[in-house]
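> Please see the structure below; I have some questions.
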Amino acid sequence: MHHVVLERWSRRSSPLHRSDPRAKIFVLLVFLIVLATTHRDLLVIACALGGLLMMGIVCSRLPLAGAVGRAAVVLPFSLAFAAVCWLAGDPARGVYLAVKSYLSALAVLLVVSTTPLPLLLRGLEALGAPRFLLMVAQFLYRYLFVISEEAQHMAKAAQSRGATAAGMVGQAARFRAAAGALAVLFARSYGRAGDIHRAMLARGFQGHFETVTALRFRRSDVALAIGGSLAPVALRLAVERLT
Amino acid sequence: MAPLIEVRDLRFRYEDGTAALNGVDFRLDAGEVVALLGANGSGKTTFVMHLNGLLGAERSESQGSIHVCGMPLNKSNLAAIRRKIGIVFQDSESQLFMPTVLEDVAFGPLNLGCSAAAAAERAQAELARVGMAGAAGRAPYHLSAGEKKRVAIAGILAMDPDILVLDEPTTFLDPPGQRSLADLLRALPQAKILVTHDTAFARSICTRAIFFQSGTIAANGSIGDVVDQFGWDFAPARSSPGH
């Protein structure tokens with residue numbers, strides 16, 4: 001599971017891991033804006049921004065190949081859109097789309113891999129992200145693994161009774177069985193949501209998540225916020241002036 | 001001495017018309033450990049869900065009266081009563097919804113109005129009490145079933161309840177885990193209600209048993225008498241292997 005690996009990475013130790021999440025989120029936002037608004041010399045600027053991200057990954061003591069590979073998870077989606085642009089006679093736009101989405105994913109991955117989820121959510125909340133959205137993100141993160149495990153158990157149960165992926169193709173009855181299994185998974189997830197809500201109420205939940213995680217914005221975080229946000233802007237300006 | 005819980009003529013009907021409780025009278029005194037026995041669907045879990053208002057508090061389908069520590073169960077007392085009764089749910093996975101063990105155990109105290117520092121301190125103390133002090137920073141899905149159960153109990157103990165309700169506490173636990181849970185429960189001073197099918201476990205810690213049948217209490221007495229009256233022990237047929 002991707003999120004299990006990311007969680008393990010987020011518990012490592014490095015200066016970036018120790019930084020306040022608000023500083024990292026701020027730098028990420030600036031980075032994404034710089035990337036999204038770049039149109040001239042995109043490939044050169046992308047190389048410079050990519051280098052910046054790689055430097056961040058190495059400084060955070062994360063596995064470079066692993067991080068670069070995991071960020072590629074967005075490529076199937078962006079390449080599909082890139083193919084549409086190419087077919088529409090605008091291949092440059094397709095390349096730009098793929099490059100921008102990949103670098104954005106790598107930047108987000110760097111922040112998520114250096115910030116444990118409770119701190120990340122606290123940081124987002126402090127910066128004004130809607131609480132409801134954060135609560136949904138938290139539950140999704142927590143229970144994705146559980147639901148995926150349930151799905152795997154159901155798949156094994158089906159396999160133990162002779163079901164195969166190949167056997168599903170073209171067989172209406174078996175396809176219906178797979179759809180039924182999916183419905184059971186939804187029903188179980190719905191039931192679990194009810195159980196979780198009851199467990200929350202039983203412990204006095206009144207609609208707002210409090211947390212014990214305290215955030216501290218230190219001088220090093222100020223330096224990161226300023227330096228980290230100026231770096232992509234400066235790189236872009238430099239490339240645009242030189243070309 | 002006033003009872004901790006006093007239930008009179010409790011009746012409850014689910015929205016689909018199923019009558020789950022048909023006039024239950026119950027009393028729990030300080031220091032008692034009571035086992036709730038009975039077939040699946042006999043009303044045990046529905047009954048305990050009423051004790052802190054998770055069912056019935058806001059529904060007209062519920063009739064009768066519930067008093068907890070002298071307080072009548074109604075909407076205005078709900079928060080106070082949920083502070084008095086801690087429910088440990090059957091599936092700990094649904095109870096451990098926060099990203100880390102420490103955050104989860106501190107969830108209740110924070111809802112009770114404790115400061116972040118006090119809640120963290122209380123959570124650490126309860127984790128130490130259940131033998132899980134080293135797990136504070138871990139994610140709940142990395143824990144074994146026995147560890148999850150202990151953390152779930154710590155989350156309830158952190159609210160300092162007068163009464164503990166445990167729904168099928170031995171589910172998913174191996175025999176050493178069950179022994180360890182029994183030792184832990186024996187060491188806790190609170191009055192306890194155990195919903196269980198595990199009569200051996202119940203015999204090891206309970207002082208009294210109640211047998212539910214079709215939404216009513218069919219028997220109330222010593223655990224040995226109740227188990228014998230309903231033949232509720234697992235007694236394998238005396239036949240040779242292979243027959």
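FYI, nothing fancy with the structure tokens labels: chains A, B, ... in order, residues from 1 per chain, ligands from 1 as they appear.
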Write out as a PyMOL selection string which residues come within 6 Å of segment 198-208 of chain B when counting only C-alpha atoms, dropping same-chain ones fewer than 5 positions away.
chain B and resi 33-34+221-223
> Take the residues just selected and output them with all heavy atoms as a short mmCIF file (atom, residue, chain, number, x, y, z; two decimals), in the first residue's frame.

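What follows is the written file again.cif:
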data_model
loop_
_atom_site.label_atom_id
_atom_site.label_comp_id
_atom_site.auth_asym_id
_atom_site.auth_seq_id
_atom_site.Cartn_x
_atom_site.Cartn_y
_atom_site.Cartn_z
N VAL B 33 -19.30 -7.52 38.26
CA VAL B 33 -18.89 -7.84 36.88
C VAL B 33 -19.94 -8.81 36.35
O VAL B 33 -20.03 -9.95 36.80
CB VAL B 33 -17.49 -8.49 36.84
CG1 VAL B 33 -17.05 -8.70 35.39
CG2 VAL B 33 -16.47 -7.62 37.56
N VAL B 34 -20.73 -8.32 35.42
CA VAL B 34 -21.90 -9.09 34.96
C VAL B 34 -21.71 -9.53 33.51
O VAL B 34 -21.34 -8.72 32.66
CB VAL B 34 -23.18 -8.23 35.07
CG1 VAL B 34 -24.39 -8.98 34.54
CG2 VAL B 34 -23.40 -7.82 36.52
N GLY B 221 -28.52 -14.71 37.62
CA GLY B 221 -28.00 -15.43 38.78
C GLY B 221 -26.52 -15.68 38.65
O GLY B 221 -25.83 -14.98 37.90
N SER B 222 -26.03 -16.67 39.36
CA SER B 222 -24.60 -16.96 39.29
C SER B 222 -24.31 -17.51 37.89
O SER B 222 -25.18 -18.13 37.26
CB SER B 222 -24.21 -17.99 40.34
OG SER B 222 -24.62 -19.26 39.92
N ILE B 223 -23.12 -17.31 37.44
CA ILE B 223 -22.81 -17.70 36.06
C ILE B 223 -22.95 -19.21 35.86
O ILE B 223 -23.45 -19.68 34.84
CB ILE B 223 -21.43 -17.17 35.63
CG1 ILE B 223 -21.19 -17.49 34.16
CG2 ILE B 223 -20.30 -17.69 36.45
CD1 ILE B 223 -20.38 -16.48 33.44
#
> For chain B, report every residue with an atom at most 7 Å from chain A (counting only C-alpha atoms), formatted as a PDB file with N, CA, C and O atoms, in the first residue's frame.

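Produced file out-v2.pdb, reproduced below:
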ATOM      1  N   LEU B  54     -26.539   5.512  22.879  1.00  0.00           N
ATOM      2  CA  LEU B  54     -26.183   5.346  21.460  1.00  0.00           C
ATOM      3  C   LEU B  54     -27.387   4.858  20.661  1.00  0.00           C
ATOM      4  O   LEU B  54     -27.473   5.054  19.459  1.00  0.00           O
ATOM      5  N   ALA B  79     -24.099  13.749  27.740  1.00  0.00           N
ATOM      6  CA  ALA B  79     -22.642  13.929  27.827  1.00  0.00           C
ATOM      7  C   ALA B  79     -22.120  13.402  29.163  1.00  0.00           C
ATOM      8  O   ALA B  79     -21.101  12.709  29.218  1.00  0.00           O
ATOM      9  N   ARG B  82     -22.233   9.582  29.190  1.00  0.00           N
ATOM     10  CA  ARG B  82     -21.188   8.977  28.356  1.00  0.00           C
ATOM     11  C   ARG B  82     -19.820   9.070  29.031  1.00  0.00           C
ATOM     12  O   ARG B  82     -18.905   8.330  28.705  1.00  0.00           O
ATOM     13  N   ILE B  87     -17.815   2.301  26.625  1.00  0.00           N
ATOM     14  CA  ILE B  87     -18.113   1.080  25.869  1.00  0.00           C
ATOM     15  C   ILE B  87     -16.921   0.708  24.991  1.00  0.00           C
ATOM     16  O   ILE B  87     -16.431   1.530  24.217  1.00  0.00           O
ATOM     17  N   SER B  94     -12.911  -0.401  14.465  1.00  0.00           N
ATOM     18  CA  SER B  94     -13.850   0.718  14.319  1.00  0.00           C
ATOM     19  C   SER B  94     -13.673   1.735  15.443  1.00  0.00           C
ATOM     20  O   SER B  94     -14.121   2.869  15.324  1.00  0.00           O
ATOM     21  N   GLN B  95     -13.049   1.313  16.509  1.00  0.00           N
ATOM     22  CA  GLN B  95     -12.907   2.206  17.659  1.00  0.00           C
ATOM     23  C   GLN B  95     -11.626   3.034  17.577  1.00  0.00           C
ATOM     24  O   GLN B  95     -11.540   4.095  18.175  1.00  0.00           O
ATOM     25  N   PHE B  97      -9.899   5.169  15.414  1.00  0.00           N
ATOM     26  CA  PHE B  97     -10.069   5.882  14.147  1.00  0.00           C
ATOM     27  C   PHE B  97      -9.077   7.011  13.950  1.00  0.00           C
ATOM     28  O   PHE B  97      -9.041   7.628  12.898  1.00  0.00           O
ATOM     29  N   PRO B  99      -5.218   8.801  13.641  1.00  0.00           N
ATOM     30  CA  PRO B  99      -4.024   8.339  12.907  1.00  0.00           C
ATOM     31  C   PRO B  99      -2.957   7.676  13.783  1.00  0.00           C
ATOM     32  O   PRO B  99      -2.216   6.846  13.310  1.00  0.00           O
ATOM     33  N   GLU B 103      -3.033   9.802  19.752  1.00  0.00           N
ATOM     34  CA  GLU B 103      -4.151  10.674  19.369  1.00  0.00           C
ATOM     35  C   GLU B 103      -5.484   9.987  19.678  1.00  0.00           C
ATOM     36  O   GLU B 103      -6.432  10.636  20.102  1.00  0.00           O
ATOM     37  N   GLY B 108     -10.949  10.977  23.743  1.00  0.00           N
ATOM     38  CA  GLY B 108     -11.997  11.140  24.759  1.00  0.00           C
ATOM     39  C   GLY B 108     -11.706  12.285  25.715  1.00  0.00           C
ATOM     40  O   GLY B 108     -12.542  13.184  25.892  1.00  0.00           O
ATOM     41  N   LEU B 110      -9.893  14.887  25.349  1.00  0.00           N
ATOM     42  CA  LEU B 110     -10.004  16.188  24.663  1.00  0.00           C
ATOM     43  C   LEU B 110     -11.466  16.586  24.523  1.00  0.00           C
ATOM     44  O   LEU B 110     -11.818  17.749  24.690  1.00  0.00           O
ATOM     45  N   ASN B 111     -12.327  15.599  24.236  1.00  0.00           N
ATOM     46  CA  ASN B 111     -13.763  15.904  24.129  1.00  0.00           C
ATOM     47  C   ASN B 111     -14.367  16.269  25.483  1.00  0.00           C
ATOM     48  O   ASN B 111     -15.399  16.926  25.549  1.00  0.00           O
ATOM     49  N   LEU B 112     -13.709  15.792  26.550  1.00  0.00           N
ATOM     50  CA  LEU B 112     -14.201  16.147  27.890  1.00  0.00           C
ATOM     51  C   LEU B 112     -13.734  17.537  28.308  1.00  0.00           C
ATOM     52  O   LEU B 112     -14.065  18.000  29.390  1.00  0.00           O
ATOM     53  N   ALA B 116      -4.643  20.029  25.702  1.00  0.00           N
ATOM     54  CA  ALA B 116      -3.882  19.064  24.894  1.00  0.00           C
ATOM     55  C   ALA B 116      -2.811  18.377  25.745  1.00  0.00           C
ATOM     56  O   ALA B 116      -2.622  17.153  25.660  1.00  0.00           O
ATOM     57  N   ALA B 117      -2.135  19.148  26.592  1.00  0.00           N
ATOM     58  CA  ALA B 117      -1.057  18.569  27.406  1.00  0.00           C
ATOM     59  C   ALA B 117      -1.627  17.580  28.416  1.00  0.00           C
ATOM     60  O   ALA B 117      -1.086  16.482  28.604  1.00  0.00           O
ATOM     61  N   ALA B 119      -4.478  15.959  28.225  1.00  0.00           N
ATOM     62  CA  ALA B 119      -5.024  14.793  27.520  1.00  0.00           C
ATOM     63  C   ALA B 119      -3.899  13.842  27.111  1.00  0.00           C
ATOM     64  O   ALA B 119      -4.028  12.617  27.243  1.00  0.00           O
ATOM     65  N   ALA B 120      -2.781  14.415  26.648  1.00  0.00           N
ATOM     66  CA  ALA B 120      -1.645  13.577  26.240  1.00  0.00           C
ATOM     67  C   ALA B 120      -1.077  12.842  27.455  1.00  0.00           C
ATOM     68  O   ALA B 120      -0.735  11.660  27.377  1.00  0.00           O
TER      69      ALA B 120
END
> What does the distance from atom CA of Ile25 of chain A to atom CA of Val105 of chain B come to in Å, to one decimal?
27.6 Å
> Pick from B:Pro140, B:Gly113, B:Gly215, B:Gly70: nearest to Thr100 of chain B, with only C-alpha atoms counted?
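Once distances to Thr100 of chain B are computed over only C-alpha atoms, the minimum belongs to B:Pro140.
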> Based on DSSP run over this structure's backbone, return all residues of segment 78-142 of chain A in alpha helix (DSSP H), as a PyMOL selection string.
chain A and resi 78-87+91-113+117-126+131-142
> Atoms to include: C-alpha atoms. Write the selected residues as a CSV table (one decimal), in the first residue's frame.

chain,number,residue,atom,x,y,z
A,78,SER,CA,-2.0,12.8,-17.3
A,79,LEU,CA,-0.7,10.8,-20.3
A,80,ALA,CA,-4.3,10.0,-21.3
A,81,PHE,CA,-5.0,13.7,-21.4
A,82,ALA,CA,-1.7,14.3,-23.2
A,83,ALA,CA,-2.7,11.8,-25.8
A,84,VAL,CA,-6.0,13.7,-26.3
A,85,CYS,CA,-4.0,16.9,-26.9
A,86,TRP,CA,-1.7,15.2,-29.3
A,87,LEU,CA,-4.6,13.8,-31.2
A,91,PRO,CA,1.5,17.8,-28.9
A,92,ALA,CA,3.4,20.5,-27.0
A,93,ARG,CA,0.5,21.1,-24.7
A,94,GLY,CA,0.3,17.3,-24.0
A,95,VAL,CA,4.0,17.2,-23.0
A,96,TYR,CA,3.5,20.3,-20.8
A,97,LEU,CA,0.5,18.6,-19.1
A,98,ALA,CA,2.4,15.4,-18.4
A,99,VAL,CA,5.5,17.3,-17.1
A,100,LYS,CA,3.5,19.6,-14.8
A,101,SER,CA,1.4,16.9,-13.3
A,102,TYR,CA,4.4,14.7,-12.6
A,103,LEU,CA,6.4,17.5,-10.9
A,104,SER,CA,3.3,18.5,-8.9
A,105,ALA,CA,2.9,14.9,-7.7
A,106,LEU,CA,6.6,14.7,-6.8
A,107,ALA,CA,6.3,18.0,-4.8
A,108,VAL,CA,3.2,16.8,-3.0
A,109,LEU,CA,4.9,13.5,-2.3
A,110,LEU,CA,7.9,15.2,-0.8
A,111,VAL,CA,5.7,17.1,1.7
A,112,VAL,CA,3.6,14.1,2.5
A,113,SER,CA,6.6,11.9,3.0
A,117,LEU,CA,-0.5,12.8,8.8
A,118,PRO,CA,-1.7,14.3,12.1
A,119,LEU,CA,0.7,17.2,11.6
A,120,LEU,CA,-0.1,17.6,8.0
A,121,LEU,CA,-3.8,17.9,8.8
A,122,ARG,CA,-3.1,20.3,11.7
A,123,GLY,CA,-1.0,22.4,9.3
A,124,LEU,CA,-3.8,22.4,6.7
A,125,GLU,CA,-6.4,23.3,9.3
A,126,ALA,CA,-4.2,26.2,10.5
A,131,ARG,CA,-12.4,20.9,8.7
A,132,PHE,CA,-14.9,18.7,7.1
A,133,LEU,CA,-12.6,18.0,4.2
A,134,LEU,CA,-9.8,17.2,6.5
A,135,MET,CA,-11.9,14.9,8.6
A,136,VAL,CA,-12.9,13.0,5.4
A,137,ALA,CA,-9.2,12.8,4.4
A,138,GLN,CA,-8.2,11.5,7.8
A,139,PHE,CA,-10.9,8.7,7.8
A,140,LEU,CA,-10.0,7.8,4.2
A,141,TYR,CA,-6.3,7.5,5.1
A,142,ARG,CA,-7.1,5.5,8.2
> Would you pick out the contacts of segment 51-63 of chain A at 8 Å or less, using only C-alpha atoms, so that residues sharing its chain but fewer than 2 positions from it are not included, and give the list as a PDB file with C-alpha atoms, in the first residue's frame?

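The result, stored in out.pdb:
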ATOM      1  CA  TRP A   9       8.855   7.660   5.317  1.00  0.00           C
ATOM      2  CA  ARG A  12      12.011   9.387   9.477  1.00  0.00           C
ATOM      3  CA  SER A  13      14.293  12.109  10.758  1.00  0.00           C
ATOM      4  CA  SER A  14      15.717  15.025   8.779  1.00  0.00           C
ATOM      5  CA  PRO A  15      15.596  18.824   8.978  1.00  0.00           C
ATOM      6  CA  LEU A  16      12.640  18.808   6.582  1.00  0.00           C
ATOM      7  CA  HIS A  17      10.842  16.197   8.723  1.00  0.00           C
ATOM      8  CA  CYS A  47      14.390  20.562 -15.143  1.00  0.00           C
ATOM      9  CA  ALA A  48      15.468  23.234 -12.639  1.00  0.00           C
ATOM     10  CA  LEU A  49      12.384  22.695 -10.442  1.00  0.00           C
ATOM     11  CA  ALA A  65      14.334   6.114  -6.906  1.00  0.00           C
ATOM     12  CA  GLY A  66      11.369   5.121  -4.724  1.00  0.00           C
ATOM     13  CA  ALA A  67      10.048   8.690  -4.548  1.00  0.00           C
ATOM     14  CA  LEU A 106       6.564  14.735  -6.806  1.00  0.00           C
ATOM     15  CA  ALA A 107       6.321  17.988  -4.825  1.00  0.00           C
ATOM     16  CA  LEU A 110       7.926  15.225  -0.807  1.00  0.00           C
ATOM     17  CA  THR A 114       8.222  14.321   5.411  1.00  0.00           C
ATOM     18  CA  PRO A 232      11.335  28.278  -7.431  1.00  0.00           C
TER      19      PRO A 232
END
> Name the closest residue to Ala136 of chain B among the candidates B:Leu157, B:Leu166, B:Ala219, B:Leu102; distances are taken between atoms, counting only C-alpha atoms.
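Residue with the minimum atom-to-atom distance to Ala136 of chain B: B:Leu102.
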> Please identify all polymer residues within 7 Å of segment 181-197 of chain B, counting only C-alpha atoms, omitting same-chain residues fewer than 2 positions from it, and present them as JSON, numbers by chain.
{"B": [30, 31, 32, 33, 34, 35, 36, 37, 44, 130, 162, 163, 164, 165, 166, 167, 168, 177, 178, 179, 199, 205]}
